[in-house]
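Colleague: Dropping in coords-v9.cif, which is mmCIF, C-alpha atoms and all ligand atoms:
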data_upload
loop_
_atom_site.label_atom_id
_atom_site.label_comp_id
_atom_site.auth_asym_id
_atom_site.auth_seq_id
_atom_site.Cartn_x
_atom_site.Cartn_y
_atom_site.Cartn_z
CA MET A 1 -132.82 121.10 195.33
CA ASN A 2 -134.95 118.27 196.77
CA GLU A 3 -133.47 114.82 197.02
CA ILE A 4 -134.69 112.12 194.63
CA ARG A 5 -137.02 109.98 196.72
CA VAL A 6 -136.73 106.22 196.31
CA ILE A 7 -138.90 103.36 197.56
CA GLN A 8 -136.93 100.14 198.14
CA TRP A 9 -139.30 97.22 197.64
CA GLY A 10 -137.67 93.93 198.64
CA LEU A 11 -134.86 93.83 201.21
CA GLY A 12 -133.16 90.51 200.54
CA ALA A 13 -129.54 90.01 199.50
CA MET A 14 -129.86 92.41 196.54
CA GLY A 15 -132.38 94.89 197.93
CA SER A 16 -130.39 95.41 201.15
CA GLY A 17 -127.25 96.11 199.15
CA MET A 18 -129.12 98.57 196.96
CA ALA A 19 -130.54 100.33 200.00
CA ARG A 20 -127.03 100.73 201.47
CA LEU A 21 -125.78 102.04 198.12
CA ILE A 22 -128.62 104.56 197.89
CA GLN A 23 -127.91 105.76 201.42
CA SER A 24 -124.29 106.38 200.42
CA LYS A 25 -125.13 108.58 197.41
CA THR A 26 -125.59 112.34 197.41
CA GLY A 27 -129.03 113.41 196.20
CA LEU A 28 -130.83 110.09 196.76
CA LYS A 29 -133.04 109.29 199.72
CA ILE A 30 -135.06 106.20 200.69
CA VAL A 31 -138.49 107.33 201.82
CA TYR A 32 -140.24 103.95 202.14
CA ALA A 33 -138.95 100.38 202.48
CA TYR A 34 -141.16 97.33 201.93
CA ASP A 35 -140.68 93.62 202.51
CA GLN A 36 -143.12 90.79 203.13
CA ASP A 37 -140.89 89.03 205.67
CA PRO A 38 -142.46 89.41 209.15
CA GLN A 39 -138.96 89.37 210.69
CA LYS A 40 -138.02 92.52 208.78
CA ILE A 41 -141.32 94.40 209.09
CA GLY A 42 -141.23 97.02 211.86
CA GLN A 43 -137.45 97.33 212.00
CA ASP A 44 -135.78 100.67 211.37
CA LEU A 45 -134.21 100.48 207.90
CA GLY A 46 -130.86 101.99 208.92
CA GLU A 47 -130.48 99.59 211.83
CA PHE A 48 -131.63 96.65 209.69
CA LEU A 49 -128.85 97.51 207.24
CA GLY A 50 -126.30 97.49 210.06
CA GLY A 51 -126.00 101.26 210.40
CA VAL A 52 -127.58 104.07 212.39
CA LYS A 53 -131.30 104.79 212.83
CA SER A 54 -132.81 106.23 209.63
CA GLY A 55 -136.36 107.05 210.75
CA VAL A 56 -137.72 104.87 207.93
CA ARG A 57 -139.55 101.82 209.22
CA ILE A 58 -139.72 98.66 207.09
CA GLN A 59 -143.36 98.06 206.23
CA ARG A 60 -145.32 95.22 204.69
CA PRO A 61 -145.94 95.81 200.96
CA PRO A 62 -148.96 97.98 200.17
CA GLN A 63 -152.12 96.66 198.60
CA PRO A 64 -153.60 98.37 195.53
CA GLY A 65 -154.94 101.81 196.46
CA GLU A 66 -153.28 101.69 199.86
CA MET A 67 -150.06 103.49 199.17
CA ASN A 68 -149.37 107.07 200.12
CA LEU A 69 -146.75 107.84 197.57
CA GLU A 70 -147.13 111.48 196.68
CA LYS A 71 -143.71 112.01 198.18
CA ALA A 72 -141.75 109.51 196.06
CA ASP A 73 -140.20 109.49 192.59
CA LEU A 74 -139.16 105.93 191.91
CA VAL A 75 -139.51 102.33 193.12
CA ILE A 76 -136.69 99.80 193.02
CA LEU A 77 -138.10 96.28 192.98
CA ALA A 78 -135.93 93.40 194.19
CA THR A 79 -138.51 90.76 195.02
CA SER A 80 -138.78 88.06 192.36
CA SER A 81 -137.46 86.79 189.00
CA PHE A 82 -140.69 86.63 187.07
CA THR A 83 -142.75 89.24 185.23
CA LYS A 84 -146.03 87.63 186.36
CA GLU A 85 -145.03 87.97 190.01
CA VAL A 86 -143.81 91.57 189.83
CA THR A 87 -146.62 92.89 187.64
CA PRO A 88 -148.99 93.61 190.59
CA GLN A 89 -146.16 95.49 192.33
CA ILE A 90 -145.39 97.46 189.17
CA GLU A 91 -149.10 98.25 188.71
CA ILE A 92 -149.32 99.77 192.18
CA ALA A 93 -146.24 101.91 191.51
CA LEU A 94 -147.38 103.07 188.08
CA LYS A 95 -150.85 103.98 189.32
CA HIS A 96 -149.11 106.34 191.74
CA SER A 97 -147.08 107.85 188.87
CA LEU A 98 -143.84 106.33 190.12
CA ASN A 99 -141.00 105.25 187.86
CA VAL A 100 -139.86 101.63 188.33
CA ILE A 101 -136.54 99.80 188.14
CA SER A 102 -136.85 96.03 188.54
CA ILE A 103 -134.13 93.38 188.77
CA ALA A 104 -136.57 90.54 187.95
CA GLU A 105 -134.67 88.64 185.26
CA GLU A 106 -137.72 88.39 182.98
CA MET A 107 -138.23 92.17 183.20
CA ALA A 108 -134.94 92.71 181.31
CA TYR A 109 -137.03 92.12 178.20
CA PRO A 110 -140.54 91.02 179.18
CA TRP A 111 -141.62 91.07 175.55
CA ALA A 112 -139.68 87.76 175.20
CA GLN A 113 -141.92 85.57 177.36
CA GLU A 114 -144.79 87.74 178.55
CA PRO A 115 -145.75 89.97 175.61
CA GLU A 116 -149.27 90.63 176.94
CA LEU A 117 -148.03 91.71 180.35
CA ALA A 118 -145.32 93.78 178.66
CA MET A 119 -147.97 95.57 176.60
CA HIS A 120 -150.08 96.12 179.70
CA ILE A 121 -147.14 97.56 181.68
CA ASP A 122 -146.10 99.71 178.74
CA GLY A 123 -149.64 101.07 178.36
CA LEU A 124 -149.96 101.88 182.07
CA ALA A 125 -146.54 103.55 182.19
CA ARG A 126 -147.44 105.74 179.21
CA GLU A 127 -150.83 106.58 180.72
CA TYR A 128 -149.23 107.73 183.98
CA GLY A 129 -146.27 109.41 182.27
CA VAL A 130 -143.50 107.34 183.92
CA SER A 131 -140.86 104.79 182.86
CA VAL A 132 -140.18 101.15 183.74
CA LEU A 133 -136.83 99.42 183.30
CA GLY A 134 -135.64 95.86 183.94
CA THR A 135 -131.91 95.56 184.59
CA GLY A 136 -129.28 93.65 186.56
CA ILE A 137 -125.93 92.01 185.92
CA ASN A 138 -127.31 89.22 183.77
CA PRO A 139 -129.70 89.59 182.15
CA GLY A 140 -129.33 93.34 181.95
CA PHE A 141 -125.65 93.74 181.25
CA VAL A 142 -123.01 91.03 180.64
CA LEU A 143 -124.74 88.82 178.05
CA ASP A 144 -126.75 91.58 176.36
CA THR A 145 -126.04 95.30 176.96
CA LEU A 146 -122.26 94.87 177.01
CA ILE A 147 -122.36 92.80 173.81
CA LEU A 148 -124.56 95.38 172.10
CA ALA A 149 -122.19 98.20 173.05
CA LEU A 150 -119.29 96.28 171.48
CA THR A 151 -121.20 95.71 168.24
CA GLY A 152 -121.42 99.48 167.94
CA THR A 153 -117.87 99.37 166.59
CA CYS A 154 -118.71 96.79 163.90
CA LEU A 155 -119.63 97.51 160.28
CA ALA A 156 -121.52 94.22 160.34
CA VAL A 157 -122.02 91.28 162.71
CA ASP A 158 -122.15 87.69 161.54
CA LYS A 159 -122.24 85.73 164.79
CA ILE A 160 -122.03 86.28 168.55
CA LYS A 161 -120.69 83.81 171.10
CA ALA A 162 -120.48 84.82 174.75
CA ALA A 163 -119.88 83.03 178.02
CA ARG A 164 -120.29 83.97 181.66
CA ILE A 165 -118.42 81.55 183.89
CA ASN A 166 -119.18 82.47 187.46
CA ASP A 167 -119.09 81.34 191.05
CA LEU A 168 -122.50 80.82 192.70
CA SER A 169 -121.08 80.65 196.23
CA PRO A 170 -122.41 84.02 197.51
CA PHE A 171 -126.00 83.14 196.67
CA GLY A 172 -128.57 81.68 199.03
CA PRO A 173 -130.83 78.61 199.20
CA THR A 174 -133.27 79.72 196.47
CA VAL A 175 -130.54 79.94 193.87
CA MET A 176 -128.95 76.66 195.04
CA GLN A 177 -132.29 74.94 194.55
CA THR A 178 -133.07 76.42 191.13
CA GLN A 179 -129.55 75.49 189.93
CA GLY A 180 -129.73 71.98 191.43
CA VAL A 181 -126.61 72.43 193.58
CA GLY A 182 -126.00 69.61 196.08
CA VAL A 183 -128.33 67.02 194.57
CA SER A 184 -127.60 63.74 192.74
CA ALA A 185 -127.48 63.55 188.93
CA GLU A 186 -130.80 61.65 189.00
CA ALA A 187 -132.45 64.27 191.20
CA PHE A 188 -131.12 66.96 188.85
CA GLU A 189 -132.80 65.26 185.87
CA ALA A 190 -136.05 64.90 187.83
CA GLY A 191 -135.82 68.57 188.87
CA LEU A 192 -135.43 69.65 185.24
CA GLN A 193 -138.49 67.59 184.29
CA SER A 194 -140.63 69.02 187.10
CA GLY A 195 -139.40 72.59 186.52
CA ARG A 196 -137.96 72.85 190.04
CA ILE A 197 -134.46 73.15 188.55
CA VAL A 198 -134.28 75.77 185.80
CA GLY A 199 -130.65 76.83 185.49
CA HIS A 200 -130.23 80.45 184.43
CA VAL A 201 -133.33 82.65 184.22
CA GLY A 202 -132.82 85.25 181.51
CA PHE A 203 -131.45 83.61 178.37
CA LYS A 204 -134.59 84.26 176.34
CA GLU A 205 -134.62 87.87 177.52
CA SER A 206 -130.96 88.42 176.55
CA LEU A 207 -131.41 86.70 173.18
CA TYR A 208 -134.51 88.68 172.22
CA LEU A 209 -132.98 91.94 173.44
CA LEU A 210 -129.83 91.32 171.37
CA ALA A 211 -131.77 90.29 168.27
CA LYS A 212 -134.31 93.12 168.49
CA THR A 213 -131.63 95.76 168.92
CA LEU A 214 -129.47 94.42 166.07
CA GLY A 215 -132.47 94.07 163.77
CA TRP A 216 -132.40 90.26 163.61
CA LYS A 217 -135.60 88.21 163.76
CA LEU A 218 -135.17 85.12 165.94
CA ASP A 219 -137.02 82.13 164.57
CA LYS A 220 -135.89 79.53 167.13
CA ILE A 221 -134.17 79.23 170.51
CA GLU A 222 -132.54 76.00 171.68
CA GLU A 223 -131.55 75.58 175.30
CA THR A 224 -129.55 72.77 176.92
CA ARG A 225 -128.96 72.14 180.61
CA PHE A 226 -126.47 69.63 182.02
CA PRO A 227 -125.46 68.92 185.60
CA ILE A 228 -121.89 69.88 186.53
CA ILE A 229 -120.82 66.83 188.57
CA SER A 230 -118.23 67.64 191.21
CA LYS A 231 -115.09 65.56 191.54
CA VAL A 232 -114.27 67.14 194.90
CA LYS A 233 -116.04 68.10 198.12
CA ARG A 234 -117.34 71.68 198.02
CA GLU A 235 -118.98 73.62 200.86
CA THR A 236 -120.46 77.13 201.09
CA ALA A 237 -122.52 78.86 203.79
CA TYR A 238 -125.66 77.44 202.19
CA VAL A 239 -124.80 74.10 200.60
CA LYS A 240 -122.58 71.01 200.81
CA VAL A 241 -121.61 69.11 197.67
CA GLU A 242 -120.01 65.65 197.95
CA PRO A 243 -117.93 64.18 195.10
CA GLY A 244 -120.38 62.77 192.53
CA GLN A 245 -123.09 65.32 193.39
CA VAL A 246 -124.12 68.34 191.32
CA ALA A 247 -122.06 71.53 191.78
CA GLY A 248 -124.12 73.59 189.34
CA CYS A 249 -125.82 73.78 185.97
CA GLN A 250 -124.15 74.06 182.57
CA HIS A 251 -126.78 76.05 180.67
CA THR A 252 -126.49 77.11 177.04
CA ALA A 253 -128.89 78.89 174.68
CA ILE A 254 -128.63 79.36 170.93
CA GLY A 255 -130.70 81.85 168.95
CA TYR A 256 -131.36 81.13 165.27
CA VAL A 257 -132.03 83.67 162.54
CA ASP A 258 -133.33 82.28 159.23
CA GLY A 259 -132.38 78.80 160.44
CA VAL A 260 -128.77 79.81 161.15
CA PRO A 261 -127.32 79.83 164.70
CA LYS A 262 -126.42 83.49 165.20
CA ILE A 263 -126.16 83.99 168.97
CA GLU A 264 -124.71 81.42 171.36
CA LEU A 265 -124.79 82.20 175.09
CA ILE A 266 -123.04 79.90 177.56
CA HIS A 267 -123.53 80.19 181.31
CA PRO A 268 -122.12 77.42 183.50
CA GLN A 269 -122.96 78.37 187.07
CA GLN A 270 -121.50 76.39 189.98
CA VAL A 271 -120.23 76.81 193.52
CA LEU A 272 -116.47 77.17 194.07
CA PRO A 273 -115.32 76.39 190.50
CA HIS A 274 -111.68 77.13 191.45
CA LEU A 275 -111.62 73.88 193.48
CA GLU A 276 -111.42 72.09 190.13
CA GLY A 277 -109.08 74.61 188.56
CA ILE A 278 -111.80 76.49 186.65
CA GLU A 279 -111.15 80.21 186.24
CA THR A 280 -114.18 82.48 186.22
CA GLY A 281 -114.66 85.19 183.62
CA ASP A 282 -116.91 86.98 181.15
CA TYR A 283 -116.03 86.36 177.50
CA ILE A 284 -117.51 87.91 174.37
CA ASP A 285 -116.54 86.90 170.83
CA ILE A 286 -118.12 88.75 167.95
CA SER A 287 -117.52 87.49 164.42
CA GLY A 288 -117.98 90.40 162.06
CA GLN A 289 -116.25 93.35 160.55
CA PRO A 290 -114.04 93.51 162.56
CA ASP A 291 -113.96 90.47 164.86
CA ILE A 292 -114.00 91.54 168.50
CA HIS A 293 -112.86 89.57 171.56
CA LEU A 294 -113.38 90.69 175.13
CA ALA A 295 -112.28 88.81 178.25
CA ILE A 296 -112.98 90.02 181.80
CA LYS A 297 -111.17 87.85 184.38
CA PRO A 298 -112.45 87.10 186.95
CA GLU A 299 -116.11 87.70 186.08
CA ILE A 300 -117.89 90.91 187.12
CA PRO A 301 -119.28 89.98 190.56
CA GLY A 302 -122.98 89.23 190.17
CA GLY A 303 -124.23 90.65 193.46
CA LEU A 304 -122.34 93.93 193.44
CA GLY A 305 -122.92 94.32 189.71
CA THR A 306 -126.67 93.93 190.12
CA MET A 307 -126.92 96.40 193.01
CA ALA A 308 -124.86 98.92 191.06
CA MET A 309 -126.78 98.56 187.80
CA ALA A 310 -130.15 99.09 189.51
CA VAL A 311 -129.07 102.22 191.37
CA ASN A 312 -126.84 103.67 188.64
CA MET A 313 -129.71 103.61 186.14
CA ILE A 314 -131.87 105.93 188.30
CA PRO A 315 -131.03 109.16 186.40
CA GLN A 316 -131.46 107.48 183.00
CA VAL A 317 -134.90 106.19 184.02
CA LEU A 318 -136.04 109.50 185.52
CA ALA A 319 -134.98 111.33 182.35
CA ALA A 320 -136.47 108.74 179.96
CA ARG A 321 -139.61 108.89 177.86
CA PRO A 322 -142.66 107.24 179.45
CA GLY A 323 -143.21 103.52 178.82
CA LEU A 324 -141.64 100.10 179.34
CA LEU A 325 -137.99 100.37 178.33
CA SER A 326 -135.03 98.05 177.96
CA MET A 327 -131.35 98.71 178.63
CA ALA A 328 -130.85 99.03 174.87
CA GLU A 329 -133.21 102.02 174.73
CA LEU A 330 -131.52 104.04 177.46
CA PRO A 331 -128.19 105.91 177.52
CA VAL A 332 -125.12 103.94 178.64
CA PRO A 333 -124.93 102.99 182.31
CA ALA A 334 -122.37 104.80 184.44
CA ALA A 335 -121.40 104.93 188.11
CA LEU A 336 -122.94 107.80 190.08
CA MET A 337 -120.01 109.60 191.68
CA GLY A 338 -121.46 113.12 191.95
CA ASP A 339 -124.67 114.73 193.16
CA ILE A 340 -127.41 112.73 191.45
CA ARG A 341 -129.69 115.80 191.25
CA GLU A 342 -127.09 117.59 189.11
CA LEU A 343 -126.53 114.48 186.97
CA LEU A 344 -130.29 114.23 186.42
CA ALA A 345 -130.61 117.91 185.49
CA TRP A 346 -127.77 117.46 182.96
CA ARG A 347 -129.50 114.43 181.44
CA LYS A 348 -132.74 116.40 181.14
CA GLY A 349 -130.87 119.28 179.48
CA GLU A 350 -131.91 121.68 182.26
P1 LIG B 1 -133.70 87.27 198.17
O1 LIG B 1 -134.48 86.00 198.20
O2 LIG B 1 -132.47 87.38 199.01
O3 LIG B 1 -134.63 88.53 198.57
C1 LIG B 1 -135.92 88.76 198.12
C2 LIG B 1 -136.60 89.64 199.16
O4 LIG B 1 -137.83 90.09 198.63
C3 LIG B 1 -136.89 88.92 200.47
O5 LIG B 1 -136.54 89.75 201.56
C4 LIG B 1 -138.40 88.68 200.42
O6 LIG B 1 -138.98 88.67 201.69
C5 LIG B 1 -138.83 89.88 199.61
N1 LIG B 1 -140.07 89.70 198.86
C6 LIG B 1 -140.40 88.71 198.02
N2 LIG B 1 -141.60 88.96 197.47
C7 LIG B 1 -142.04 90.12 197.99
C8 LIG B 1 -143.20 90.90 197.83
N3 LIG B 1 -144.19 90.53 197.04
N4 LIG B 1 -143.29 92.07 198.52
C9 LIG B 1 -142.30 92.46 199.36
N5 LIG B 1 -141.18 91.75 199.54
C10 LIG B 1 -141.06 90.61 198.87
O7 LIG B 1 -133.35 87.52 196.63
P2 LIG B 1 -132.24 88.48 196.04
O8 LIG B 1 -130.96 87.75 195.93
O9 LIG B 1 -132.29 89.78 196.76
O10 LIG B 1 -132.81 88.69 194.56
C11 LIG B 1 -134.08 89.24 194.32
C12 LIG B 1 -134.55 88.81 192.94
O11 LIG B 1 -133.71 89.41 191.96
C13 LIG B 1 -134.45 87.28 192.72
O12 LIG B 1 -135.58 86.83 192.03
C14 LIG B 1 -133.20 87.13 191.88
O13 LIG B 1 -133.24 85.99 191.05
C15 LIG B 1 -133.21 88.43 191.07
N6 LIG B 1 -131.86 88.82 190.63
C16 LIG B 1 -131.70 89.27 189.37
C17 LIG B 1 -130.43 89.62 188.92
C18 LIG B 1 -130.21 90.11 187.51
O14 LIG B 1 -129.06 90.11 187.08
N7 LIG B 1 -131.22 90.55 186.79
C19 LIG B 1 -129.33 89.51 189.78
C20 LIG B 1 -129.54 89.11 191.11
C21 LIG B 1 -130.83 88.76 191.52
#
Kindly transcribe the structure held in the file into structure tokens.

Modeller:
Amino acid sequence: MNEIRVIQWGLGAMGSGMARLIQSKTGLKIVYAYDQDPQKIGQDLGEFLGGVKSGVRIQRPPQPGEMNLEKADLVILATSSFTKEVTPQIEIALKHSLNVISIAEEMAYPWAQEPELAMHIDGLAREYGVSVLGTGINPGFVLDTLILALTGTCLAVDKIKAARINDLSPFGPTVMQTQGVGVSAEAFEAGLQSGRIVGHVGFKESLYLLAKTLGWKLDKIEETRFPIISKVKRETAYVKVEPGQVAGCQHTAIGYVDGVPKIELIHPQQVLPHLEGIETGDYIDISGQPDIHLAIKPEIPGGLGTMAMAVNMIPQVLAARPGLLSMAELPVPAALMGDIRELLAWRKGE
């Protein structure tokens, strides 16, 4: 049986971890690796990942019509957060009849903010007979897919409240900047106004995915963002926060159905929360028949969780119907502990 041939597109913090994970799995093989960073281009992928030579050289990303992809099955995209930015990359993949898994936050449910692009991607995927999925830890799992799975045990749901309280310390400069870490309260406000500070990307996607899957029609979303002002000095590899400066962003979103707040998602993200005695965790409270309460302490690690979700969904995506799909439309995620070719054949009923 031939290995499933994967293209890793984007070799940053997440993409590198995914590439290592793919290399460790039986039945998966990376056949191309792309990144736009000149420092990475030309390196052997295996050596770049800290291992032995793989024979796959990291290349600059292909332009439309430039790719020689007859020998691949699927692209994993780990380049950007936004549907607009990944659409050209997805187009190239689809036009070569390749399935796509993206961790761009907006791709978890692109119908939420980019319905025209979503329709375009869906149409192309159907035309070329392949599937596209957006996933990740959040959006993609904790504040949407996991909640939906729990509601499967409810006769009815009245209200959902969920919180992800996490530590941003492992993340790099881009995340620090978009969360406003290390700036003054005034600079945080100015950053919110200018759009340079955004807090969490993905609330709208999670809310629309939850509502759509439950059969609720959202009529309004309210979001609030506040600076988390540190009382103590905090320092990570990427940022220093003095007392009085911003340690992160307290971001909340509420989805209304018929004027009633039905879904409340809370996501305070900061560096080193334990320095002020804050415990991290993922919490889900469903009011319904029955009420359900889930607490995961500490939180599911964001980096590892994202790498795992992207790779573990490969068989589901390869066995799926053509089109643009969400996590709610695919079978439950599961770790890949056997030969992926056999797992795929089982999913296809072969
Ligand atoms: P990163 O900045 O460490 O890495 C991004 C990599 O992609 C870099 O190596 C960069 O050179 C490369 N790149 C960017 N644009 C490219 C392009 N057009 N072609 C080829 N390479 C390109 O970021 P990361 O931490 O690896 O995360 C990647 C993206 O995934 C980010 O936007 C992040 O917000 C998102 N993300 C989503 C989730 C989720 O839960 N859905 C979780 C983690 C990260």

Colleague: Which residues of chain A come within 9 Å of ligand LIG 1 (chain B), and what is each one's closest atom pair and distance in Å (one decimal), counting only C-alpha atoms and all ligand atoms, sorted by chain and residue number, as CSV?

Modeller:
residue,atom,partner,partner_atom,distance
A:Trp9,CA,B:LIG1,C9,5.9
A:Gly10,CA,B:LIG1,O4,3.8
A:Leu11,CA,B:LIG1,O5,4.4
A:Gly12,CA,B:LIG1,O3,3.2
A:Ala13,CA,B:LIG1,O9,3.9
A:Met14,CA,B:LIG1,O9,3.6
A:Gly15,CA,B:LIG1,O9,5.2
A:Ser16,CA,B:LIG1,O9,7.4
A:Gly17,CA,B:LIG1,O9,8.4
A:Tyr34,CA,B:LIG1,C9,5.6
A:Asp35,CA,B:LIG1,N5,3.5
A:Gln36,CA,B:LIG1,N5,4.2
A:Asp37,CA,B:LIG1,O6,4.4
A:Pro38,CA,B:LIG1,O6,8.3
A:Lys40,CA,B:LIG1,O5,7.9
A:Gln59,CA,B:LIG1,C9,8.9
A:Arg60,CA,B:LIG1,C9,6.7
A:Pro61,CA,B:LIG1,N4,5.2
A:Pro62,CA,B:LIG1,N4,8.4
A:Leu77,CA,B:LIG1,O11,8.2
A:Ala78,CA,B:LIG1,C11,4.6
A:Thr79,CA,B:LIG1,O4,3.7
A:Ser80,CA,B:LIG1,O12,3.4
A:Ser81,CA,B:LIG1,O12,3.6
A:Phe82,CA,B:LIG1,O12,7.1
A:Glu85,CA,B:LIG1,N3,7.5
A:Val86,CA,B:LIG1,N3,7.3
A:Pro88,CA,B:LIG1,N3,8.6
A:Gln89,CA,B:LIG1,N3,7.1
A:Ser102,CA,B:LIG1,N7,8.0
A:Ile103,CA,B:LIG1,N7,4.5
A:Ala104,CA,B:LIG1,C15,5.0
A:Glu105,CA,B:LIG1,N7,4.2
A:Glu106,CA,B:LIG1,N7,7.8
A:Met107,CA,B:LIG1,N7,8.0
A:Ala108,CA,B:LIG1,N7,7.0
A:Gly134,CA,B:LIG1,N7,7.5
A:Thr135,CA,B:LIG1,N7,5.5
A:Gly136,CA,B:LIG1,O14,3.6
A:Ile137,CA,B:LIG1,O14,3.8
A:Asn138,CA,B:LIG1,O14,3.8
A:Pro139,CA,B:LIG1,N7,5.0
A:Gly140,CA,B:LIG1,N7,5.9
A:Phe141,CA,B:LIG1,O14,7.7
A:Val142,CA,B:LIG1,O14,8.9
A:Phe171,CA,B:LIG1,O8,6.8
A:Gly172,CA,B:LIG1,O2,6.9
A:Pro173,CA,B:LIG1,O1,8.3
A:Thr174,CA,B:LIG1,O1,6.6
A:Val175,CA,B:LIG1,O13,7.2
A:Val201,CA,B:LIG1,O13,7.6
A:Gly202,CA,B:LIG1,N7,7.7
A:Gly302,CA,B:LIG1,C19,6.4
A:Gly303,CA,B:LIG1,C20,6.0
A:Leu304,CA,B:LIG1,C20,9.0
A:Gly305,CA,B:LIG1,O14,7.9
A:Thr306,CA,B:LIG1,C19,5.2
A:Met307,CA,B:LIG1,C20,8.0
A:Met309,CA,B:LIG1,O14,8.8

Colleague: Take the residues that were just selected and, keeping C-alpha atoms, output them as a PDB file, keeping the file's coordinate frame.

Modeller:
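again.pdb written:
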ATOM      1  CA  TRP A   9    -139.300  97.220 197.640  1.00  0.00           C
ATOM      2  CA  GLY A  10    -137.670  93.930 198.640  1.00  0.00           C
ATOM      3  CA  LEU A  11    -134.860  93.830 201.210  1.00  0.00           C
ATOM      4  CA  GLY A  12    -133.160  90.510 200.540  1.00  0.00           C
ATOM      5  CA  ALA A  13    -129.540  90.010 199.500  1.00  0.00           C
ATOM      6  CA  MET A  14    -129.860  92.410 196.540  1.00  0.00           C
ATOM      7  CA  GLY A  15    -132.380  94.890 197.930  1.00  0.00           C
ATOM      8  CA  SER A  16    -130.390  95.410 201.150  1.00  0.00           C
ATOM      9  CA  GLY A  17    -127.250  96.110 199.150  1.00  0.00           C
ATOM     10  CA  TYR A  34    -141.160  97.330 201.930  1.00  0.00           C
ATOM     11  CA  ASP A  35    -140.680  93.620 202.510  1.00  0.00           C
ATOM     12  CA  GLN A  36    -143.120  90.790 203.130  1.00  0.00           C
ATOM     13  CA  ASP A  37    -140.890  89.030 205.670  1.00  0.00           C
ATOM     14  CA  PRO A  38    -142.460  89.410 209.150  1.00  0.00           C
ATOM     15  CA  LYS A  40    -138.020  92.520 208.780  1.00  0.00           C
ATOM     16  CA  GLN A  59    -143.360  98.060 206.230  1.00  0.00           C
ATOM     17  CA  ARG A  60    -145.320  95.220 204.690  1.00  0.00           C
ATOM     18  CA  PRO A  61    -145.940  95.810 200.960  1.00  0.00           C
ATOM     19  CA  PRO A  62    -148.960  97.980 200.170  1.00  0.00           C
ATOM     20  CA  LEU A  77    -138.100  96.280 192.980  1.00  0.00           C
ATOM     21  CA  ALA A  78    -135.930  93.400 194.190  1.00  0.00           C
ATOM     22  CA  THR A  79    -138.510  90.760 195.020  1.00  0.00           C
ATOM     23  CA  SER A  80    -138.780  88.060 192.360  1.00  0.00           C
ATOM     24  CA  SER A  81    -137.460  86.790 189.000  1.00  0.00           C
ATOM     25  CA  PHE A  82    -140.690  86.630 187.070  1.00  0.00           C
ATOM     26  CA  GLU A  85    -145.030  87.970 190.010  1.00  0.00           C
ATOM     27  CA  VAL A  86    -143.810  91.570 189.830  1.00  0.00           C
ATOM     28  CA  PRO A  88    -148.990  93.610 190.590  1.00  0.00           C
ATOM     29  CA  GLN A  89    -146.160  95.490 192.330  1.00  0.00           C
ATOM     30  CA  SER A 102    -136.850  96.030 188.540  1.00  0.00           C
ATOM     31  CA  ILE A 103    -134.130  93.380 188.770  1.00  0.00           C
ATOM     32  CA  ALA A 104    -136.570  90.540 187.950  1.00  0.00           C
ATOM     33  CA  GLU A 105    -134.670  88.640 185.260  1.00  0.00           C
ATOM     34  CA  GLU A 106    -137.720  88.390 182.980  1.00  0.00           C
ATOM     35  CA  MET A 107    -138.230  92.170 183.200  1.00  0.00           C
ATOM     36  CA  ALA A 108    -134.940  92.710 181.310  1.00  0.00           C
ATOM     37  CA  GLY A 134    -135.640  95.860 183.940  1.00  0.00           C
ATOM     38  CA  THR A 135    -131.910  95.560 184.590  1.00  0.00           C
ATOM     39  CA  GLY A 136    -129.280  93.650 186.560  1.00  0.00           C
ATOM     40  CA  ILE A 137    -125.930  92.010 185.920  1.00  0.00           C
ATOM     41  CA  ASN A 138    -127.310  89.220 183.770  1.00  0.00           C
ATOM     42  CA  PRO A 139    -129.700  89.590 182.150  1.00  0.00           C
ATOM     43  CA  GLY A 140    -129.330  93.340 181.950  1.00  0.00           C
ATOM     44  CA  PHE A 141    -125.650  93.740 181.250  1.00  0.00           C
ATOM     45  CA  VAL A 142    -123.010  91.030 180.640  1.00  0.00           C
ATOM     46  CA  PHE A 171    -126.000  83.140 196.670  1.00  0.00           C
ATOM     47  CA  GLY A 172    -128.570  81.680 199.030  1.00  0.00           C
ATOM     48  CA  PRO A 173    -130.830  78.610 199.200  1.00  0.00           C
ATOM     49  CA  THR A 174    -133.270  79.720 196.470  1.00  0.00           C
ATOM     50  CA  VAL A 175    -130.540  79.940 193.870  1.00  0.00           C
ATOM     51  CA  VAL A 201    -133.330  82.650 184.220  1.00  0.00           C
ATOM     52  CA  GLY A 202    -132.820  85.250 181.510  1.00  0.00           C
ATOM     53  CA  GLY A 302    -122.980  89.230 190.170  1.00  0.00           C
ATOM     54  CA  GLY A 303    -124.230  90.650 193.460  1.00  0.00           C
ATOM     55  CA  LEU A 304    -122.340  93.930 193.440  1.00  0.00           C
ATOM     56  CA  GLY A 305    -122.920  94.320 189.710  1.00  0.00           C
ATOM     57  CA  THR A 306    -126.670  93.930 190.120  1.00  0.00           C
ATOM     58  CA  MET A 307    -126.920  96.400 193.010  1.00  0.00           C
ATOM     59  CA  MET A 309    -126.780  98.560 187.800  1.00  0.00           C
TER      60      MET A 309
END

Colleague: Can you tell me which residues surround segment 181-193 of chain A at a distance of at most 9 Å, considering all atoms listed in the file, apart from same-chain residues fewer than 4 positions away, and format the answer as a list in words?

Modeller: Val175, Met176, Gln177, Ile197, Val198, Gly199, Arg225, Phe226, Pro227, Ile228, Ile229, Val239, Lys240, Val241, Glu242, Gly244, Gln245, Val246, Ala247, Gly248, Cys249, Gln270 and Val271 of chain A

Colleague: Would you list the contacts of segment 250-252 of chain A as a count of residues only, taking every protein, DNA or RNA residue within 6 Å and counting all atoms listed in the file, but skipping same-chain residues closer than 3 positions in sequence?

Modeller: 8
